[in-house]
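Student: There's a structure below that I have some questions on.
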Amino acid sequence: MAGLGFAGAVSAMYPNSYFYLAFLLVTVSAFWTVPARGRRCLVLLASVAAYLISGGIYLAIPLAMAGIMYVCSSLATGERRKPVFCGWGIALILAILGYFKYRDFAVANINAVLSGISLPKFTTRPMDQLPLGISFCAFTAIAFLIDTAQGRIKRQNALDITTFLCFWPTALAGPILRFRELGPQLAFQRTWSTEMLLRGLDRIVWGLVQKNLIANSLDSWVREGFMPRAIGVNSTVDNWFLAIAFGLQVYFDFASYTNLAIGAAQLIGVSLPENFRFPYHAKNPSDFWSRWHMSLSRWIRDYLFFPLSVRSGEGGPGYYLGLVAVMALVGLWHGAGWGFVAWGVMHALYLSAYRIWQKFAGDKGAWANGAAVNAFWRIFMLLGVMAAWVPFRSNTLAGALQMLKFMFLRFRFGQSYSINFYLVTLLIAAFCVVEPYLAARMGGLEKLLAPRARLGSIFPLVLRPALYAVGLFLFIVMDARDSAFIYFQF
């Protein structure tokens, strides 16, 4: 993967580790033991502890960002209200993000140019490790400052701001929060309920299964298939299966973290926004981005794309250039590499093509929205999304281009991997197809049985414990302790 590295992660605090689950048990138990007035400080202490265990040297980064948020928002909401201070705060946060995440990338590209014109290169010490969750932290902080400048957030105290930014379930890989979503819940006044416990456990157990059973089962094949030596011999079928396998891996891996985060927060009475809604069931490229990494999508929509589209006008050349620029930035947000930029630009082209079609089809009658057209966009979306995962995952842009060439332009046949790779990929893809229907049936079964006197106890006393037991068994059996979450690098 372009720029992929997990050296900064400490495996003890991976949310699918035994240590983290023990940490969660102790924290939740302590949370419901202390008085309500002490819960905010307890959550902040737990969040600081999670950062220290994960990579203590970089705890200063979220604390510095929280300090910037507090000082700038206080100046912007004071008696003389000067929103310009929020702009300065955003500039400082972007400077921190740029230094720690993009410095090496910028230096490498500048040196490449200097080398081409025979000028001396810059010599800098490479970053030892990428601070965990720095991009999520930065976007959360920027959203807070923009909302403050626009009058959506009143002045907040330093404790609430720090707890909001460092909140341990979401600090490392989201969802990206708005203060108006989490801020009102920071009083932690919600009372204990068995329903809350069970909903949180549902998410945690399913998240553990998604990570250990589904995402990790594809990891070794994906790693092997995207190595430079493999790219040169992969067949067309191999490349398509590798693109699909990584698309499934990254979805279930990230959805797993999201479920673990939502479940952990729910155990202390905090509701977090959803981040995924069966994205591979999207009807078109636009629908995909309303289902994939939803907290990032709405951040980009509200703070980048809408302001740009208002200035450039909808439908003109400026609109589409703005879309390409925004999606290139989305790619760059994921990682400091041209492969990530290519991924973003590919999605911009898909979105542009669909938007142009919408304008064309607006007055063309029913056929333009018929079954054949809808099927075309669904297939286009799936093939396009899977193809875009290739530069996202590839170690180099040249390797990605070579894989894409043999996927679309030059066809090479053969089988480079064991039959198990192809079968497991197809099996997980089939599960992905039926996933929303299974989720709906499970929810419907619980609602169906609940009102019935004799059957009402079957789900809570028999089915749910059985599902927990099976899920935890699969989690333990398929445990791979060195397998980090993909989005931890961002």
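Convention: chains lettered A, B, ... in structure tokens order; per-chain residue numbering from 1; ligands numbered from 1 as shown.
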Just the residues within 9 Å of Gly67 (chain A), please, counting only C-alpha atoms, with nothing from its chain fewer than 6 positions along; format it as a ChimeraX atom specification.

Tutor: /A:158,161-162

Student: Go ahead and save the residues from that selection, with C-alpha atoms, as a compact mmCIF listing (two decimals), in the first residue's frame.

Tutor:
# COMPACT_ATOMS: atom_id res chain seq x y z
CA ALA A 158 -10.92 23.04 28.16
CA ILE A 161 -12.74 20.08 24.34
CA THR A 162 -9.92 17.74 25.37

Student: List as an MDAnalysis selection string the protein and nucleic acid residues near Tyr251 (chain A), meaning an atom at most 12 Å away when only C-alpha atoms are counted, but skip any in the same chain fewer than 2 places from it.

Tutor: chainID A and resid 207 210:211 214:216 218 244:249 253:259 275:280 291:293 385:386 389 428:429 432 485:487

Student: List as an MDAnalysis selection string the protein and nucleic acid residues near region 73-76 of chain A, meaning an atom at most 10 Å away when only C-alpha atoms are counted, but skip any in the same chain fewer than 4 places from it.

Tutor: chainID A and resid 67:69 80:87 89 144:151 153:158

Student: I need the residues from that last selection saved to file as a PDB file, in the first residue's frame (with C-alpha atoms), if you can.

Tutor:
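part11.pdb written:
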ATOM      1  CA  GLY A  67      -5.110  23.589  23.358  1.00  0.00           C
ATOM      2  CA  ILE A  68      -5.319  25.315  19.972  1.00  0.00           C
ATOM      3  CA  MET A  69      -9.045  24.575  19.808  1.00  0.00           C
ATOM      4  CA  ARG A  80     -15.235  41.031  20.927  1.00  0.00           C
ATOM      5  CA  ARG A  81     -15.950  37.891  18.891  1.00  0.00           C
ATOM      6  CA  LYS A  82     -13.231  37.500  16.250  1.00  0.00           C
ATOM      7  CA  PRO A  83     -13.795  34.372  14.123  1.00  0.00           C
ATOM      8  CA  VAL A  84     -10.449  35.028  12.407  1.00  0.00           C
ATOM      9  CA  PHE A  85      -8.779  33.306  15.354  1.00  0.00           C
ATOM     10  CA  CYS A  86     -10.447  30.068  14.279  1.00  0.00           C
ATOM     11  CA  GLY A  87      -8.754  30.500  10.915  1.00  0.00           C
ATOM     12  CA  GLY A  89      -6.187  27.720  14.656  1.00  0.00           C
ATOM     13  CA  PHE A 144     -14.901  22.220  15.643  1.00  0.00           C
ATOM     14  CA  LEU A 145     -13.159  25.475  14.721  1.00  0.00           C
ATOM     15  CA  ILE A 146     -15.224  25.999  11.564  1.00  0.00           C
ATOM     16  CA  ASP A 147     -18.466  25.391  13.461  1.00  0.00           C
ATOM     17  CA  THR A 148     -17.297  27.789  16.180  1.00  0.00           C
ATOM     18  CA  ALA A 149     -16.455  30.496  13.648  1.00  0.00           C
ATOM     19  CA  GLN A 150     -19.879  30.082  12.047  1.00  0.00           C
ATOM     20  CA  GLY A 151     -21.654  30.373  15.394  1.00  0.00           C
ATOM     21  CA  ILE A 153     -20.884  26.094  18.835  1.00  0.00           C
ATOM     22  CA  LYS A 154     -20.822  28.242  21.942  1.00  0.00           C
ATOM     23  CA  ARG A 155     -17.758  28.712  24.088  1.00  0.00           C
ATOM     24  CA  GLN A 156     -16.615  25.431  25.659  1.00  0.00           C
ATOM     25  CA  ASN A 157     -14.329  24.676  28.579  1.00  0.00           C
ATOM     26  CA  ALA A 158     -10.921  23.042  28.163  1.00  0.00           C
TER      27      ALA A 158
END

Student: Which residues are close to Tyr102 (chain A), i.e. within 12 Å by only C-alpha atoms, leaving aside same-chain residues fewer than 2 positions away? Reply as an MDAnalysis selection string.

Tutor: chainID A and resid 3 94:100 104:109 126:127 130:131 134:135 332:338 490

Student: Write out as a VMD selection string each polymer residue whose atoms come within 12 Å of region 19-24 of chain A, counting only C-alpha atoms; drop sequence neighbours fewer than 4 positions from it.

Tutor: chain A and resid 10 to 15 28 to 31 43 46 to 47 49 to 50 53 to 54 168 to 169 200 to 201 204 to 205 208 260 to 261 263 to 268 472 481

Student: Kindly save the residues from that selection, with N, CA and C atoms included, as a JSON list (two decimals), in the first residue's frame.

Tutor:
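That gives us part.json:
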[["chain", "number", "residue", "atom", "x", "y", "z"],
["A", 10, "VAL", "N", 0.97, 0.10, 18.71],
["A", 10, "VAL", "CA", 1.31, -0.87, 19.75],
["A", 10, "VAL", "C", 0.17, -1.88, 19.80],
["A", 11, "SER", "N", 0.50, -3.14, 19.51],
["A", 11, "SER", "CA", -0.55, -4.14, 19.32],
["A", 11, "SER", "C", -1.41, -4.34, 20.55],
["A", 12, "ALA", "N", -0.89, -3.99, 21.74],
["A", 12, "ALA", "CA", -1.68, -4.18, 22.95],
["A", 12, "ALA", "C", -2.99, -3.41, 22.92],
["A", 13, "MET", "N", -3.03, -2.27, 22.21],
["A", 13, "MET", "CA", -4.24, -1.46, 22.18],
["A", 13, "MET", "C", -5.02, -1.57, 20.88],
["A", 14, "TYR", "N", -4.69, -2.56, 20.05],
["A", 14, "TYR", "CA", -5.59, -2.84, 18.93],
["A", 14, "TYR", "C", -6.94, -3.23, 19.53],
["A", 15, "PRO", "N", -8.04, -2.70, 19.01],
["A", 15, "PRO", "CA", -9.34, -2.99, 19.61],
["A", 15, "PRO", "C", -9.75, -4.46, 19.58],
["A", 28, "VAL", "N", -15.16, 0.48, 31.66],
["A", 28, "VAL", "CA", -16.63, 0.53, 31.73],
["A", 28, "VAL", "C", -17.10, 0.24, 33.15],
["A", 29, "SER", "N", -16.47, -0.71, 33.81],
["A", 29, "SER", "CA", -16.85, -1.02, 35.20],
["A", 29, "SER", "C", -16.61, 0.19, 36.10],
["A", 30, "ALA", "N", -15.45, 0.83, 35.93],
["A", 30, "ALA", "CA", -15.16, 2.01, 36.74],
["A", 30, "ALA", "C", -16.12, 3.15, 36.42],
["A", 31, "PHE", "N", -16.48, 3.28, 35.15],
["A", 31, "PHE", "CA", -17.38, 4.37, 34.72],
["A", 31, "PHE", "C", -18.72, 4.28, 35.45],
["A", 43, "VAL", "N", -13.28, 9.38, 31.87],
["A", 43, "VAL", "CA", -13.19, 9.13, 30.43],
["A", 43, "VAL", "C", -11.95, 9.79, 29.86],
["A", 46, "ALA", "N", -8.97, 7.73, 30.87],
["A", 46, "ALA", "CA", -8.93, 6.51, 30.07],
["A", 46, "ALA", "C", -8.43, 6.80, 28.66],
["A", 47, "SER", "N", -8.85, 7.93, 28.10],
["A", 47, "SER", "CA", -8.43, 8.31, 26.75],
["A", 47, "SER", "C", -6.94, 8.61, 26.71],
["A", 49, "ALA", "N", -4.73, 7.41, 28.81],
["A", 49, "ALA", "CA", -4.06, 6.13, 29.00],
["A", 49, "ALA", "C", -4.00, 5.35, 27.69],
["A", 50, "ALA", "N", -5.09, 5.37, 26.92],
["A", 50, "ALA", "CA", -5.10, 4.66, 25.64],
["A", 50, "ALA", "C", -4.06, 5.22, 24.69],
["A", 53, "ILE", "N", -0.48, 4.18, 25.93],
["A", 53, "ILE", "CA", -0.17, 2.78, 25.63],
["A", 53, "ILE", "C", 0.05, 2.59, 24.14],
["A", 54, "SER", "N", -0.74, 3.28, 23.31],
["A", 54, "SER", "CA", -0.65, 3.11, 21.86],
["A", 54, "SER", "C", 0.62, 3.73, 21.29],
["A", 168, "TRP", "N", -11.44, 8.05, 23.60],
["A", 168, "TRP", "CA", -10.64, 6.89, 23.19],
["A", 168, "TRP", "C", -11.31, 5.97, 22.16],
["A", 169, "PRO", "N", -12.63, 5.74, 22.17],
["A", 169, "PRO", "CA", -13.16, 4.82, 21.15],
["A", 169, "PRO", "C", -12.95, 5.31, 19.72],
["A", 200, "GLY", "N", -24.39, -2.52, 22.87],
["A", 200, "GLY", "CA", -22.96, -2.33, 22.79],
["A", 200, "GLY", "C", -22.23, -3.64, 22.56],
["A", 201, "LEU", "N", -22.62, -4.70, 23.25],
["A", 201, "LEU", "CA", -22.00, -6.01, 23.08],
["A", 201, "LEU", "C", -22.26, -6.56, 21.69],
["A", 204, "ILE", "N", -19.70, -4.99, 19.47],
["A", 204, "ILE", "CA", -18.34, -5.42, 19.77],
["A", 204, "ILE", "C", -18.09, -6.84, 19.25],
["A", 205, "VAL", "N", -19.02, -7.74, 19.53],
["A", 205, "VAL", "CA", -18.83, -9.13, 19.08],
["A", 205, "VAL", "C", -18.80, -9.20, 17.56],
["A", 208, "LEU", "N", -15.48, -7.85, 16.28],
["A", 208, "LEU", "CA", -14.40, -8.82, 16.45],
["A", 208, "LEU", "C", -14.43, -9.89, 15.36],
["A", 260, "LEU", "N", -16.55, -1.67, 16.73],
["A", 260, "LEU", "CA", -15.92, -1.74, 18.04],
["A", 260, "LEU", "C", -15.96, -0.38, 18.74],
["A", 261, "ALA", "N", -15.77, 0.70, 17.97],
["A", 261, "ALA", "CA", -15.83, 2.04, 18.56],
["A", 261, "ALA", "C", -17.25, 2.38, 19.00],
["A", 263, "GLY", "N", -19.66, 0.30, 19.69],
["A", 263, "GLY", "CA", -20.02, -0.57, 20.80],
["A", 263, "GLY", "C", -19.39, -0.14, 22.10],
["A", 264, "ALA", "N", -18.09, 0.23, 22.08],
["A", 264, "ALA", "CA", -17.42, 0.68, 23.30],
["A", 264, "ALA", "C", -18.06, 1.94, 23.84],
["A", 265, "ALA", "N", -18.38, 2.89, 22.95],
["A", 265, "ALA", "CA", -19.03, 4.12, 23.40],
["A", 265, "ALA", "C", -20.42, 3.84, 23.96],
["A", 266, "GLN", "N", -21.12, 2.90, 23.36],
["A", 266, "GLN", "CA", -22.47, 2.59, 23.81],
["A", 266, "GLN", "C", -22.47, 1.99, 25.22],
["A", 267, "LEU", "N", -21.39, 1.31, 25.57],
["A", 267, "LEU", "CA", -21.29, 0.73, 26.91],
["A", 267, "LEU", "C", -21.23, 1.79, 28.00],
["A", 268, "ILE", "N", -20.83, 3.01, 27.66],
["A", 268, "ILE", "CA", -20.85, 4.10, 28.64],
["A", 268, "ILE", "C", -21.93, 5.12, 28.31],
["A", 472, "LEU", "N", -17.43, -15.16, 19.66],
["A", 472, "LEU", "CA", -16.21, -15.13, 20.45],
["A", 472, "LEU", "C", -15.32, -16.32, 20.14],
["A", 481, "ARG", "N", -2.50, -11.87, 16.12],
["A", 481, "ARG", "CA", -2.16, -10.78, 17.03],
["A", 481, "ARG", "C", -1.32, -9.68, 16.39]]

Student: Per residue of region 34-137 of chain A within 9 Å of region 174-187 of chain A, note the shortest atom pair and the distance in Å to one decimal, counting only C-alpha atoms, and order the rows by chain and increasing residue number, as JSON lines.

Tutor:
{"residue": "A:Ala36", "atom": "CA", "partner": "A:Ala187", "partner_atom": "CA", "distance": 7.8}
{"residue": "A:Arg37", "atom": "CA", "partner": "A:Ala187", "partner_atom": "CA", "distance": 7.8}
{"residue": "A:Arg39", "atom": "CA", "partner": "A:Ala187", "partner_atom": "CA", "distance": 8.0}
{"residue": "A:Arg40", "atom": "CA", "partner": "A:Leu186", "partner_atom": "CA", "distance": 6.6}
{"residue": "A:Gly133", "atom": "CA", "partner": "A:Gly174", "partner_atom": "CA", "distance": 8.0}
{"residue": "A:Phe136", "atom": "CA", "partner": "A:Ile176", "partner_atom": "CA", "distance": 6.1}
{"residue": "A:Cys137", "atom": "CA", "partner": "A:Ile176", "partner_atom": "CA", "distance": 7.9}

Student: Once you have the residues from the selection above, write them out as a CSV table (one decimal), in the first residue's frame, restricted to N, CA and C atoms.

Tutor:
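Output file result.csv is given in full below:
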chain,number,residue,atom,x,y,z
A,36,ALA,N,-21.7,10.3,38.8
A,36,ALA,CA,-21.8,11.0,37.5
A,36,ALA,C,-20.9,12.1,37.3
A,37,ARG,N,-20.7,12.9,38.4
A,37,ARG,CA,-19.8,14.1,38.3
A,37,ARG,C,-18.3,13.8,38.0
A,39,ARG,N,-17.4,11.1,36.0
A,39,ARG,CA,-17.3,10.3,34.8
A,39,ARG,C,-16.5,11.0,33.7
A,40,ARG,N,-16.7,12.3,33.6
A,40,ARG,CA,-16.0,13.0,32.5
A,40,ARG,C,-14.4,12.9,32.7
A,133,GLY,N,-3.8,8.0,14.2
A,133,GLY,CA,-5.0,8.8,14.1
A,133,GLY,C,-4.9,10.3,13.9
A,136,PHE,N,-7.6,11.8,11.6
A,136,PHE,CA,-8.9,11.9,12.2
A,136,PHE,C,-8.9,13.0,13.2
A,137,CYS,N,-7.9,13.1,14.0
A,137,CYS,CA,-7.8,14.1,15.1
A,137,CYS,C,-7.8,15.5,14.4

Student: Go through A:Val434, A:Tyr468, A:Ala112, A:Arg152 one by one, measure the shortest atom-to-atom distance of each to Thr77 (chain A) using only C-alpha atoms, and give the residue with the smallest value.

Tutor: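 Of A:Val434, A:Tyr468, A:Ala112, A:Arg152, the one nearest Thr77 (chain A), counting only C-alpha atoms, is A:Arg152.
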
Student: Of the residues A:Leu159, A:Ala173, A:Gly225, A:Ala64, which is the one nearest to Ala243 (chain A), using only C-alpha atoms?

Tutor: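 The closest residue to Ala243 (chain A) is A:Gly225.
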
Student: Report the residues of region 187-373 of chain A whose backbone DSSP state falls under alpha helix (DSSP H), written as a PyMOL selection string.

Tutor: chain A and resi 194-209+216-225+228-231+236-267+285-289+294-300+306-312+317-334+338-361+371-373

Student: I'd like a table as JSON lines: residues in region 174-259 of chain A with an atom no more than 9 Å from region 405-416 of chain A, each row giving the shortest atom pair and its distance in Å to one decimal, only C-alpha atoms counted, sorted by chain and rising residue number.

Tutor:
{"residue": "A:Gly225", "atom": "CA", "partner": "A:Ser416", "partner_atom": "CA", "distance": 9.0}
{"residue": "A:Ala230", "atom": "CA", "partner": "A:Ser416", "partner_atom": "CA", "distance": 8.8}
{"residue": "A:Val233", "atom": "CA", "partner": "A:Ser416", "partner_atom": "CA", "distance": 7.9}
{"residue": "A:Asn234", "atom": "CA", "partner": "A:Ser416", "partner_atom": "CA", "distance": 6.5}
{"residue": "A:Ser235", "atom": "CA", "partner": "A:Arg412", "partner_atom": "CA", "distance": 4.8}
{"residue": "A:Thr236", "atom": "CA", "partner": "A:Met407", "partner_atom": "CA", "distance": 5.1}
{"residue": "A:Val237", "atom": "CA", "partner": "A:Phe413", "partner_atom": "CA", "distance": 6.7}
{"residue": "A:Asp238", "atom": "CA", "partner": "A:Gln415", "partner_atom": "CA", "distance": 6.6}
{"residue": "A:Asn239", "atom": "CA", "partner": "A:Met407", "partner_atom": "CA", "distance": 6.4}
{"residue": "A:Trp240", "atom": "CA", "partner": "A:Met407", "partner_atom": "CA", "distance": 6.5}

Student: Could you take the residues named above and write them with N, CA and C atoms, as an mmCIF file, in the first residue's frame?

Tutor:
data_model
loop_
_atom_site.group_PDB
_atom_site.id
_atom_site.type_symbol
_atom_site.label_atom_id
_atom_site.label_comp_id
_atom_site.auth_asym_id
_atom_site.auth_seq_id
_atom_site.Cartn_x
_atom_site.Cartn_y
_atom_site.Cartn_z
ATOM 1 N N GLY A 225 0.031 -10.694 -3.097
ATOM 2 C CA GLY A 225 -0.357 -10.323 -4.453
ATOM 3 C C GLY A 225 0.041 -8.929 -4.864
ATOM 4 N N ALA A 230 5.281 -9.989 -7.442
ATOM 5 C CA ALA A 230 4.063 -10.682 -7.857
ATOM 6 C C ALA A 230 3.343 -9.936 -8.962
ATOM 7 N N VAL A 233 3.924 -10.955 -12.580
ATOM 8 C CA VAL A 233 3.489 -12.261 -13.086
ATOM 9 C C VAL A 233 1.997 -12.502 -12.910
ATOM 10 N N ASN A 234 1.289 -11.613 -12.198
ATOM 11 C CA ASN A 234 -0.143 -11.805 -11.983
ATOM 12 C C ASN A 234 -0.894 -11.821 -13.311
ATOM 13 N N SER A 235 -1.881 -12.688 -13.399
ATOM 14 C CA SER A 235 -2.742 -12.731 -14.577
ATOM 15 C C SER A 235 -3.868 -11.715 -14.426
ATOM 16 N N THR A 236 -4.654 -11.562 -15.466
ATOM 17 C CA THR A 236 -5.811 -10.664 -15.402
ATOM 18 C C THR A 236 -6.782 -11.105 -14.318
ATOM 19 N N VAL A 237 -7.041 -12.399 -14.247
ATOM 20 C CA VAL A 237 -7.935 -12.934 -13.215
ATOM 21 C C VAL A 237 -7.352 -12.687 -11.829
ATOM 22 N N ASP A 238 -6.052 -12.909 -11.685
ATOM 23 C CA ASP A 238 -5.392 -12.663 -10.394
ATOM 24 C C ASP A 238 -5.590 -11.219 -9.949
ATOM 25 N N ASN A 239 -5.351 -10.289 -10.853
ATOM 26 C CA ASN A 239 -5.441 -8.869 -10.500
ATOM 27 C C ASN A 239 -6.858 -8.476 -10.102
ATOM 28 N N TRP A 240 -7.841 -8.986 -10.823
ATOM 29 C CA TRP A 240 -9.221 -8.674 -10.447
ATOM 30 C C TRP A 240 -9.573 -9.268 -9.093
#

Student: For Leu382 (chain A), which of A:Ala282, A:Leu463, A:Ala342, A:Leu52 is the closest residue, counting only C-alpha atoms?

Tutor: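 Using only C-alpha atoms, Leu382 (chain A) sits closest to A:Ala282.
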
Student: With only C-alpha atoms as the basis for distance, which of A:Arg298, A:Asn284, A:Leu198, A:Phe188 is at the shortest distance from Tyr354 (chain A)?

Tutor: A:Asn284
